[in-house]
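Next comes data00.txt, with compact mmCIF, C-alpha atoms.
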```txt
# COMPACT_ATOMS: atom_id res chain seq x y z
CA MET A 1 211.85 97.92 179.40
CA VAL A 2 211.72 99.51 176.00
CA THR A 3 210.22 98.79 172.63
CA GLU A 4 212.42 98.76 169.54
CA ASP A 5 211.40 102.30 168.66
CA GLU A 6 212.12 103.55 172.12
CA LEU A 7 215.52 101.93 172.04
CA GLU A 8 216.25 103.54 168.68
CA SER A 9 215.54 106.95 170.10
CA ALA A 10 217.56 106.19 173.23
CA VAL A 11 220.68 105.49 171.18
CA GLU A 12 220.29 108.39 168.77
CA PRO A 13 223.49 110.28 168.22
CA LEU A 14 224.00 113.15 170.58
CA THR A 15 223.87 116.60 169.14
CA LEU A 16 226.23 118.87 170.93
CA SER A 17 226.11 122.53 170.26
CA PRO A 18 228.28 125.12 171.92
CA ALA A 19 226.43 127.50 174.17
CA ASP A 20 225.90 130.96 172.77
CA ALA A 21 228.38 133.48 173.98
CA ALA A 22 225.59 135.86 174.92
CA PRO A 23 223.17 134.46 177.43
CA GLU A 24 219.55 134.13 176.45
CA THR A 25 217.26 136.71 177.85
CA ASN A 26 215.99 135.73 181.21
CA VAL A 27 212.33 134.65 181.16
CA LEU A 28 211.40 137.15 183.84
CA SER A 29 212.73 140.01 181.69
CA VAL A 30 210.67 138.73 178.76
CA TRP A 31 207.46 138.74 180.83
CA THR A 32 208.25 142.13 182.32
CA ASN A 33 208.87 143.60 178.87
CA LEU A 34 205.59 142.21 177.53
CA LEU A 35 203.68 143.60 180.49
CA GLU A 36 205.46 146.95 180.13
CA LYS A 37 204.42 147.14 176.49
CA ALA A 38 200.80 146.59 177.49
CA GLY A 39 201.16 149.16 180.25
CA LEU A 40 200.33 146.49 182.82
CA ASP A 41 203.63 145.88 184.56
CA ALA A 42 202.92 148.13 187.52
CA ALA A 43 199.52 146.51 188.12
CA VAL A 44 200.49 142.89 187.66
CA LEU A 45 203.87 142.83 189.35
CA SER A 46 203.20 145.19 192.21
CA GLU A 47 202.62 144.25 195.81
CA ALA A 48 199.52 146.40 196.20
CA PRO A 49 196.24 144.73 197.21
CA LEU A 50 194.34 143.01 194.43
CA PRO A 51 191.36 145.45 194.11
CA GLN A 52 193.74 148.36 193.79
CA ARG A 53 195.61 146.57 191.06
CA LEU A 54 192.39 145.80 189.21
CA THR A 55 191.55 149.51 189.21
CA GLN A 56 194.98 150.20 187.80
CA ILE A 57 194.29 147.77 184.97
CA GLU A 58 190.92 149.38 184.23
CA LYS A 59 192.64 152.73 183.96
CA ALA A 60 195.28 151.33 181.67
CA SER A 61 192.61 150.09 179.22
CA ALA A 62 194.24 151.96 176.38
CA PRO A 63 197.70 150.53 176.03
CA VAL A 64 200.20 153.10 177.10
CA LYS A 65 202.33 154.03 174.18
CA THR A 66 205.88 153.99 175.31
CA LYS A 67 208.88 154.38 173.16
CA SER A 68 210.15 150.94 172.47
CA LYS A 69 213.32 150.45 174.33
CA PRO A 70 216.35 149.93 172.16
CA ALA A 71 217.55 146.37 172.39
CA ILE A 72 220.19 146.27 175.05
CA SER A 73 223.32 144.55 174.00
CA PRO A 74 225.10 142.88 176.86
CA PRO A 75 227.93 144.99 178.17
CA VAL A 76 231.39 143.68 177.70
CA VAL A 77 232.18 142.04 180.98
CA ALA A 78 235.11 139.73 181.01
CA ALA A 79 234.23 136.28 182.24
CA LEU A 80 236.17 135.76 185.41
CA PRO A 81 238.44 132.75 185.24
CA GLN A 82 238.59 130.27 188.07
CA LEU A 83 239.23 131.65 191.52
CA ARG A 84 242.66 130.66 192.83
CA SER A 85 243.01 132.49 196.09
CA LEU A 86 241.27 134.83 198.46
CA VAL A 87 242.64 137.19 201.07
CA LEU A 88 240.16 138.67 203.50
CA SER A 89 241.69 141.98 204.59
CA LYS A 90 238.46 143.30 206.04
CA PHE A 91 235.60 140.88 206.57
CA ARG A 92 233.64 139.62 209.60
CA ASP A 93 235.43 137.96 212.55
CA PHE A 94 235.19 134.48 211.11
CA PRO A 95 236.79 132.59 209.46
CA GLN A 96 239.85 133.40 211.55
CA GLN A 97 242.07 132.13 208.77
CA ARG A 98 242.26 135.11 206.38
CA SER A 99 244.01 133.65 203.38
CA PHE A 100 242.84 130.75 201.22
CA ASP A 101 244.20 128.94 198.19
CA PHE A 102 241.80 127.03 196.01
CA GLY A 103 242.08 124.06 193.71
CA THR A 104 239.57 123.00 191.09
CA VAL A 105 237.51 121.13 193.63
CA ASN A 106 237.70 122.16 197.27
CA LEU A 107 236.60 120.60 200.51
CA ILE A 108 235.74 123.10 203.20
CA PHE A 109 235.51 121.64 206.67
CA GLY A 110 235.38 122.91 210.21
CA ALA A 111 233.29 122.88 213.37
CA ASN A 112 230.01 124.75 213.53
CA GLY A 113 230.37 128.50 213.73
CA THR A 114 233.96 128.68 212.54
CA GLY A 115 233.14 130.44 209.28
CA LYS A 116 232.55 127.89 206.51
CA THR A 117 229.45 129.71 205.29
CA SER A 118 231.16 133.05 205.81
CA LEU A 119 233.97 132.00 203.51
CA LEU A 120 231.41 131.12 200.83
CA GLU A 121 229.67 134.42 201.44
CA ALA A 122 232.97 136.24 200.99
CA ILE A 123 233.08 134.69 197.53
CA GLU A 124 229.47 135.71 196.96
CA LEU A 125 230.33 139.29 197.97
CA LEU A 126 233.30 139.28 195.64
CA TYR A 127 231.08 138.43 192.66
CA CYS A 128 227.76 139.99 193.62
CA GLY A 129 228.39 142.68 196.23
CA LYS A 130 225.53 141.22 198.30
CA THR A 131 224.63 137.92 199.84
CA LYS A 132 221.44 135.95 199.35
CA ARG A 133 221.17 135.22 203.05
CA ASN A 134 221.22 138.85 204.07
CA PRO A 135 220.90 141.17 201.07
CA GLN A 136 220.01 144.20 203.21
CA ALA A 137 223.19 144.07 205.23
CA ALA A 138 225.55 146.82 204.28
CA GLU A 139 228.64 145.08 205.47
CA GLU A 140 232.10 146.47 205.02
CA TYR A 141 234.60 144.24 203.33
CA GLU A 142 237.85 144.26 201.52
CA ILE A 143 238.72 141.09 199.68
CA THR A 144 241.55 140.40 197.31
CA ALA A 145 241.00 137.62 194.83
CA LYS A 146 243.45 136.04 192.44
CA PHE A 147 242.26 134.25 189.33
CA ALA A 148 243.67 131.48 187.18
CA ASP A 149 244.89 133.94 184.55
CA GLY A 150 247.18 135.59 187.09
CA LYS A 151 245.04 138.70 187.39
CA SER A 152 243.70 139.87 190.68
CA GLU A 153 240.79 141.94 191.85
CA LYS A 154 240.55 144.02 194.97
CA ALA A 155 236.91 144.05 195.90
CA SER A 156 235.49 146.39 198.47
CA SER A 157 232.07 147.46 199.67
CA SER A 158 232.42 150.74 197.76
CA ARG A 159 232.10 149.27 194.28
CA ALA A 160 229.53 150.89 192.00
CA GLN A 161 226.17 149.19 191.50
CA LYS A 162 226.74 149.37 187.77
CA THR A 163 229.42 146.69 188.06
CA PHE A 164 226.81 144.25 189.32
CA ARG A 165 224.11 145.28 186.83
CA ASP A 166 226.57 144.79 184.00
CA ARG A 167 227.48 141.39 185.37
CA ASN A 168 223.84 140.41 185.77
CA LEU A 169 223.16 141.26 182.14
CA ALA A 170 226.35 139.70 180.81
CA TRP A 171 226.23 136.53 182.88
CA TYR A 172 222.51 135.92 183.27
CA GLY A 173 220.80 138.01 180.56
CA GLN A 174 218.86 139.98 183.13
CA SER A 175 218.73 143.69 182.56
CA GLU A 176 218.25 145.98 185.51
CA VAL A 177 217.82 149.71 185.78
CA LYS A 178 217.59 150.64 189.41
CA THR A 179 217.75 147.31 191.12
CA TRP A 180 220.70 145.19 192.22
CA ASN A 181 219.66 141.60 191.78
CA LEU A 182 222.84 139.93 190.61
CA TYR A 183 222.96 138.04 193.90
CA LEU A 184 219.59 136.44 193.08
CA SER A 185 220.67 135.29 189.64
CA PHE A 186 223.96 134.08 191.09
CA ALA A 187 222.18 132.15 193.82
CA GLN A 188 219.78 130.60 191.35
CA PHE A 189 222.58 129.12 189.30
CA ASN A 190 225.12 128.41 192.00
CA PHE A 191 223.12 127.26 194.99
CA LEU A 192 220.70 124.41 194.91
CA ASP A 193 217.42 125.26 196.58
CA THR A 194 217.70 122.22 198.82
CA ASP A 195 214.33 122.86 200.45
CA ALA A 196 212.64 122.69 197.07
CA ALA A 197 214.74 119.67 196.10
CA VAL A 198 213.87 117.76 199.27
CA SER A 199 210.25 118.73 199.03
CA LEU A 200 210.24 117.54 195.44
CA SER A 201 211.37 114.07 196.44
CA ASP A 202 209.01 113.98 199.42
CA SER A 203 205.64 114.84 198.03
CA VAL A 204 203.81 115.36 194.82
CA GLU A 205 201.55 118.09 196.16
CA ASN A 206 203.66 121.10 195.31
CA LEU A 207 205.37 119.47 192.38
CA GLU A 208 204.81 122.36 190.02
CA GLU A 209 205.88 124.99 192.47
CA ASP A 210 209.00 123.15 193.61
CA LEU A 211 210.04 122.37 190.07
CA SER A 212 209.58 125.96 189.02
CA LYS A 213 211.62 127.17 191.97
CA LEU A 214 214.44 124.86 190.95
CA LEU A 215 214.25 125.56 187.24
CA VAL A 216 213.45 129.22 186.85
CA GLY A 217 214.13 130.54 190.33
CA PRO A 218 211.74 131.81 192.97
CA GLN A 219 211.45 135.28 191.45
CA ALA A 220 210.14 134.09 188.10
CA SER A 221 208.01 131.50 189.83
CA GLN A 222 206.44 134.20 192.01
CA ALA A 223 205.88 136.47 188.99
CA TRP A 224 204.12 133.64 187.19
CA ARG A 225 201.80 133.09 190.14
CA GLU A 226 201.00 136.82 190.17
CA ILE A 227 200.26 136.77 186.45
CA GLU A 228 197.93 133.79 186.91
CA ARG A 229 196.22 135.39 189.87
CA MET A 230 195.68 138.67 188.08
CA SER A 231 194.42 136.95 184.96
CA GLU A 232 191.79 135.09 187.02
CA ALA A 233 190.75 138.28 188.78
CA VAL A 234 190.50 140.16 185.50
CA ALA A 235 188.41 137.38 183.97
CA GLY A 236 186.05 137.55 186.96
CA LYS A 237 185.76 141.31 186.67
CA LEU A 238 185.02 140.97 182.95
CA ARG A 239 182.22 138.48 183.63
CA GLU A 240 180.83 140.96 186.14
CA LEU A 241 180.88 143.77 183.57
CA ARG A 242 179.41 141.85 180.63
CA PRO A 243 175.74 142.31 181.65
CA LEU A 244 176.40 146.03 182.04
CA GLN A 245 177.88 146.13 178.56
CA THR A 246 174.82 144.34 177.13
CA GLN A 247 172.53 146.69 179.00
CA ILE A 248 174.34 149.77 177.71
CA GLN A 249 174.26 148.42 174.16
CA THR A 250 170.50 147.82 174.41
CA GLU A 251 169.95 151.29 175.76
CA THR A 252 172.07 152.83 173.00
CA THR A 253 170.11 150.95 170.35
CA THR A 254 166.80 152.07 171.88
CA LEU A 255 168.00 155.65 172.03
CA ASP A 256 169.26 155.49 168.45
CA ALA A 257 165.87 154.19 167.35
CA ARG A 258 164.10 156.97 169.22
CA ILE A 259 166.35 159.63 167.70
CA CYS A 260 165.77 158.20 164.23
CA GLY A 261 162.01 158.31 164.86
CA GLN A 262 162.02 162.06 165.62
CA PRO A 263 160.12 164.19 163.09
CA TRP A 264 162.90 166.78 162.72
CA ARG A 265 165.23 164.20 161.14
CA MET B 1 208.50 89.76 167.29
CA THR B 2 211.66 91.70 168.01
CA SER B 3 214.80 91.71 165.91
CA ASN B 4 217.43 89.16 166.75
CA ILE B 5 220.83 89.89 168.21
CA ALA B 6 222.67 89.78 164.87
CA GLN B 7 220.27 92.30 163.35
CA TRP B 8 220.62 94.61 166.33
CA ARG B 9 224.37 94.31 166.29
CA GLU B 10 224.41 95.29 162.63
CA ARG B 11 222.13 98.26 163.26
CA LEU B 12 224.23 99.55 166.12
CA ALA B 13 227.69 98.87 164.70
CA ASP B 14 227.79 102.06 162.59
CA ARG B 15 227.21 104.28 165.55
CA PHE B 16 229.02 102.19 168.13
CA PRO B 17 231.90 100.34 166.52
CA GLY B 18 232.80 98.69 169.82
CA VAL B 19 229.46 96.91 170.15
CA GLU B 20 229.97 93.33 171.31
CA ALA B 21 227.66 90.41 171.96
CA ILE B 22 228.39 89.29 175.49
CA ASP B 23 226.14 86.27 175.23
CA ASP B 24 223.35 84.93 173.01
CA SER B 25 221.02 87.80 173.68
CA VAL B 26 222.87 90.74 175.21
CA LEU B 27 224.83 93.47 173.43
CA ARG B 28 227.17 95.85 175.21
CA PHE B 29 228.70 99.09 174.01
CA THR B 30 230.06 102.33 175.35
CA ARG B 31 228.80 105.74 174.37
CA GLY B 32 231.02 108.74 174.20
CA ALA B 33 231.27 112.27 172.96
CA VAL B 34 234.34 114.22 171.99
CA ASP B 35 236.66 111.32 172.86
CA ARG B 36 235.27 110.93 176.34
CA GLN B 37 233.16 107.95 177.33
CA PHE B 38 230.06 108.71 179.32
CA ALA B 39 227.86 105.63 179.50
CA VAL B 40 227.78 101.86 179.16
CA TYR B 41 224.73 100.35 177.50
CA TYR B 42 223.51 96.79 177.81
CA ILE B 43 220.78 95.78 175.40
CA ASP B 44 218.94 92.55 176.11
CA VAL B 45 217.04 91.37 173.04
CA SER B 46 215.89 87.99 174.34
CA ASP B 47 212.33 89.26 174.86
CA HIS B 48 212.46 87.53 178.21
CA LEU B 49 212.28 89.43 181.47
CA PRO B 50 213.49 88.41 184.90
CA THR B 51 210.41 87.62 186.95
CA SER B 52 211.65 87.69 190.54
CA PRO B 53 214.10 89.77 192.56
CA ALA B 54 216.40 86.77 192.84
CA GLU B 55 216.38 86.22 189.10
CA LEU B 56 217.03 89.89 188.48
CA THR B 57 219.94 89.92 190.92
CA SER B 58 221.59 86.90 189.40
CA TYR B 59 220.98 88.34 185.95
CA GLN B 60 222.81 91.54 186.91
CA ASP B 61 225.64 89.60 188.52
CA ARG B 62 226.04 87.47 185.42
CA VAL B 63 225.69 90.16 182.76
CA ILE B 64 226.95 93.37 184.33
CA GLY B 65 228.89 92.27 187.41
CA LYS B 66 232.16 91.17 185.91
CA ARG B 67 232.32 94.14 183.53
CA TYR B 68 231.24 96.74 186.04
CA PHE B 69 234.72 98.01 186.84
CA ASP B 70 235.87 98.18 183.22
CA GLY B 71 236.76 101.57 181.79
CA ASN B 72 236.72 104.92 183.53
CA LYS B 73 235.67 105.04 187.12
CA SER B 74 232.93 107.57 186.36
CA LEU B 75 231.29 105.06 184.03
CA GLN B 76 230.22 103.04 187.06
CA TRP B 77 227.55 105.67 187.63
CA SER B 78 226.28 105.35 184.10
CA ASN B 79 225.37 101.77 183.35
CA TYR B 80 222.13 101.39 181.42
CA LEU B 81 220.35 98.10 180.95
CA PHE B 82 217.60 97.93 178.35
CA PHE B 83 215.23 95.02 177.88
CA VAL B 84 213.78 95.22 174.41
CA VAL B 85 210.20 94.01 174.41
CA SER B 86 207.68 93.79 171.60
CA PRO B 87 204.84 96.31 171.90
CA ALA B 88 202.40 93.35 172.06
CA ALA B 89 204.11 92.07 175.18
CA SER B 90 201.99 94.13 177.51
CA THR B 91 200.53 91.26 179.49
CA PRO B 92 198.56 91.82 182.69
CA ASN B 93 201.70 91.38 184.76
CA SER B 94 203.98 93.51 182.58
CA ALA B 95 203.41 96.47 184.89
CA SER B 96 204.67 94.52 187.89
CA LEU B 97 207.63 93.22 185.87
CA ARG B 98 208.47 96.78 184.92
CA GLN B 99 208.24 97.80 188.55
CA LEU B 100 210.52 94.97 189.59
CA ILE B 101 213.16 95.92 187.03
CA GLU B 102 212.99 99.65 187.46
```
Would you put the structure from the file into structure tokens?
Amino acid sequence: MVTEDELESAVEPLTLSPADAAPETNVLSVWTNLLEKAGLDAAVLSEAPLPQRLTQIEKASAPVKTKSKPAISPPVVAALPQLRSLVLSKFRDFPQQRSFDFGTVNLIFGANGTGKTSLLEAIELLYCGKTKRNPQAAEEYEITAKFADGKSEKASSSRAQKTFRDRNLAWYGQSEVKTWNLYLSFAQFNFLDTDAAVSLSDSVENLEEDLSKLLVGPQASQAWREIERMSEAVAGKLRELRPLQTQIQTETTTLDARICGQPWR
Amino acid sequence: MTSNIAQWRERLADRFPGVEAIDDSVLRFTRGAVDRQFAVYYIDVSDHLPTSPAELTSYQDRVIGKRYFDGNKSLQWSNYLFFVVSPAASTPNSASLRQLIE
């Protein structure tokens, strides 16, 4: 059911614009940069207990002057064309089949425990060097991939971290210095958080949280919660300190008056 | 008072040259972008709404049913039926009518 105006807007011509070649900066990087500028990143985004973090903020009352970082231009990382085949020379025991050809759309089937997920994780390792399911695992692998442009890549567990940082910046606009979070960005855009999706359709209680997990990813969603939590705590602390401020001001004024009243002035 | 079918047809014809009146009060057209069709729109301008599930079902059979398999297969997922109502038409039971349709 629509009114005439609503119908008009429903049939408005579509505006299609090509996506920018360079990805937009990831929202988490934006927040982190802002907090860094204010000298608050360590306090707000750390895992230390709240009181400790509040003390850190008090100490950082004068914004730390840091040299502004030069804008990072995304490194030149060739977009990988579609994956055409995969040969697992060294990789887990399953799947037992070691060579796979892919079409545009692929159906992967097999009994439980025969390596369907492992095959997908081999692809994840190829692109990200880590898997979302077990990022700590330092598993050895050697995978040869062929792409639609005829080129191939031999991927092994000895690749440099820089490869993945460059990819994370080029593909997802997330800059990293010491971390290795490409697998998180990759997961956010390639895997649907089905738990959040199911929960979204089931209840309205955690609507905001589930939506944010789906839309911006759990990392950004967690950072936002931390920012909110800290901001509440800081506001509370401020309220606590206000009377003290008033008291000190009164005392200063009284003292000033006394000094002014001294005969030697 | 809503516009009549001829007025609507005229308004939509620029944007959707294929717009056709499939009966006295329903217009149908296909939307596309970059020579690919992506949706079929049905616009009912009668200012009358089906009032029971049975009426709604027979309405859909009559209006959409025989055209449902026209065009690309993927279009079957993208049929949109709009009932144009005047803003004043919010009667006490319009909420339940909306619920029935949606």
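Here atom CA of Asp23 of chain B stands at a distance of 8.5 Å from atom CA of Val63 of chain B.
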TODO: Would you give me, as a PyMOL selection string, the residues of chain B that come within 7 Å of chain A, using only C-alpha atoms?
DONE: chain B and resi 82-87+98
Open item on the list: Rounded to one decimal, what separation in Å do you get between atom CA of Ser158 of chain A and atom CA of Pro135 of chain A?
Closed with: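 Going from atom CA of Ser158 of chain A over to atom CA of Pro135 of chain A, I get 15.3 Å.
Pairwise distance (atom CA of Glu47 of chain A, atom CA of Arg225 of chain A) equals 12.5 Å.
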TODO: Rank nothing, just name the residue among B:Phe16, B:Trp8, B:Phe29, B:Phe38 nearest to Asn72 of chain B, using all atoms listed in the file.
DONE: B:Phe38
Open item on the list: I'd like the contact shell of Tyr68 of chain B - 10 Å cut-off, all atoms listed in the file, skipping same-chain residues fewer than 5 positions apart - returned as a list in words.
Closed with: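 Close residues of Tyr68 of chain B: Val40, Gln60, Asp61, Val63, Lys73, Leu75, Gln76, Trp77 and Asn79 of chain B.
Shortest separation to Arg31 of chain B among B:Tyr80, B:Ser52, B:Ile64, B:Arg11 occurs at residue B:Tyr80, atoms counted being all atoms listed in the file.
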Open item on the list: I want to know what sits within 10 Å of Ala223 of chain A, based on all atoms listed in the file, with residues of the same chain fewer than 2 positions away left out; could you give that as a list in words?
Closed with: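 Skipping anything fewer than 2 positions along the chain leaves Leu28, Trp31, Thr32, Val44, Leu45, Ser46, Pro218, Gln219, Ala220, Ser221, Arg225, Glu226, Ile227, Glu228 and Arg229 of chain A.
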Open item on the list: Report as a list of chain:residue names all protein, DNA and RNA residues lying within 12 Å of Ile22 of chain B, evaluated on all atoms listed in the file, omitting residues in the same chain fewer than 4 positions from it.
Closed with: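 The contact residues come out as B:Ile5, B:Arg9, B:Gly18, B:Val26, B:Leu27, B:Arg28, B:Phe29, B:Tyr41, B:Tyr42, B:Ile43, B:Asp44, B:Val45, B:Arg62, B:Val63, B:Ile64, B:Lys66, B:Arg67.
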Env of segment 127-133 of chain A: 10 Å cut, atoms = all atoms listed in the file, seq-sep filter 2 positions within chain, self excluded. Answer as a JSON list (two decimals) with C-alpha atoms, in the frame of the given file.
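Saved the output as part25.json:
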```json
[["chain", "number", "residue", "atom", "x", "y", "z"],
["A", 80, "LEU", "CA", 236.17, 135.76, 185.41],
["A", 120, "LEU", "CA", 231.41, 131.12, 200.83],
["A", 121, "GLU", "CA", 229.67, 134.42, 201.44],
["A", 122, "ALA", "CA", 232.97, 136.24, 200.99],
["A", 123, "ILE", "CA", 233.08, 134.69, 197.53],
["A", 124, "GLU", "CA", 229.47, 135.71, 196.96],
["A", 125, "LEU", "CA", 230.33, 139.29, 197.97],
["A", 135, "PRO", "CA", 220.90, 141.17, 201.07],
["A", 136, "GLN", "CA", 220.01, 144.20, 203.21],
["A", 137, "ALA", "CA", 223.19, 144.07, 205.23],
["A", 138, "ALA", "CA", 225.55, 146.82, 204.28],
["A", 139, "GLU", "CA", 228.64, 145.08, 205.47],
["A", 141, "TYR", "CA", 234.60, 144.24, 203.33],
["A", 155, "ALA", "CA", 236.91, 144.05, 195.90],
["A", 156, "SER", "CA", 235.49, 146.39, 198.47],
["A", 157, "SER", "CA", 232.07, 147.46, 199.67],
["A", 158, "SER", "CA", 232.42, 150.74, 197.76],
["A", 159, "ARG", "CA", 232.10, 149.27, 194.28],
["A", 160, "ALA", "CA", 229.53, 150.89, 192.00],
["A", 161, "GLN", "CA", 226.17, 149.19, 191.50],
["A", 163, "THR", "CA", 229.42, 146.69, 188.06],
["A", 164, "PHE", "CA", 226.81, 144.25, 189.32],
["A", 165, "ARG", "CA", 224.11, 145.28, 186.83],
["A", 167, "ARG", "CA", 227.48, 141.39, 185.37],
["A", 168, "ASN", "CA", 223.84, 140.41, 185.77],
["A", 180, "TRP", "CA", 220.70, 145.19, 192.22],
["A", 181, "ASN", "CA", 219.66, 141.60, 191.78],
["A", 182, "LEU", "CA", 222.84, 139.93, 190.61],
["A", 183, "TYR", "CA", 222.96, 138.04, 193.90],
["A", 184, "LEU", "CA", 219.59, 136.44, 193.08],
["A", 185, "SER", "CA", 220.67, 135.29, 189.64],
["A", 186, "PHE", "CA", 223.96, 134.08, 191.09],
["A", 187, "ALA", "CA", 222.18, 132.15, 193.82],
["A", 188, "GLN", "CA", 219.78, 130.60, 191.35],
["A", 191, "PHE", "CA", 223.12, 127.26, 194.99]]
```
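In this comparison, which uses only C-alpha atoms, the residue of A:Leu50, A:Val76, A:Ala111, A:Ala43 approaching Asp166 of chain A most closely is A:Val76.
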How big is the axis-aligned box, and where does its centre sit, when it encloses all atoms of segment 70-89 of chain B listed in the file and has 4 Å added on every side, reported in Å to one decimal as JSON?
```
{"center_x": 219.6, "center_y": 99.8, "center_z": 179.6, "size_x": 42.4, "size_y": 23.5, "size_z": 24.0}
```
TODO: Name the closest residue to Gln82 of chain A among the candidates A:Leu119, A:Ile143, A:Ile259, A:Ala148; distances are taken between atoms, counting all atoms listed in the file.
DONE: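 Of all the options, A:Ala148 lies closest to Gln82 of chain A.
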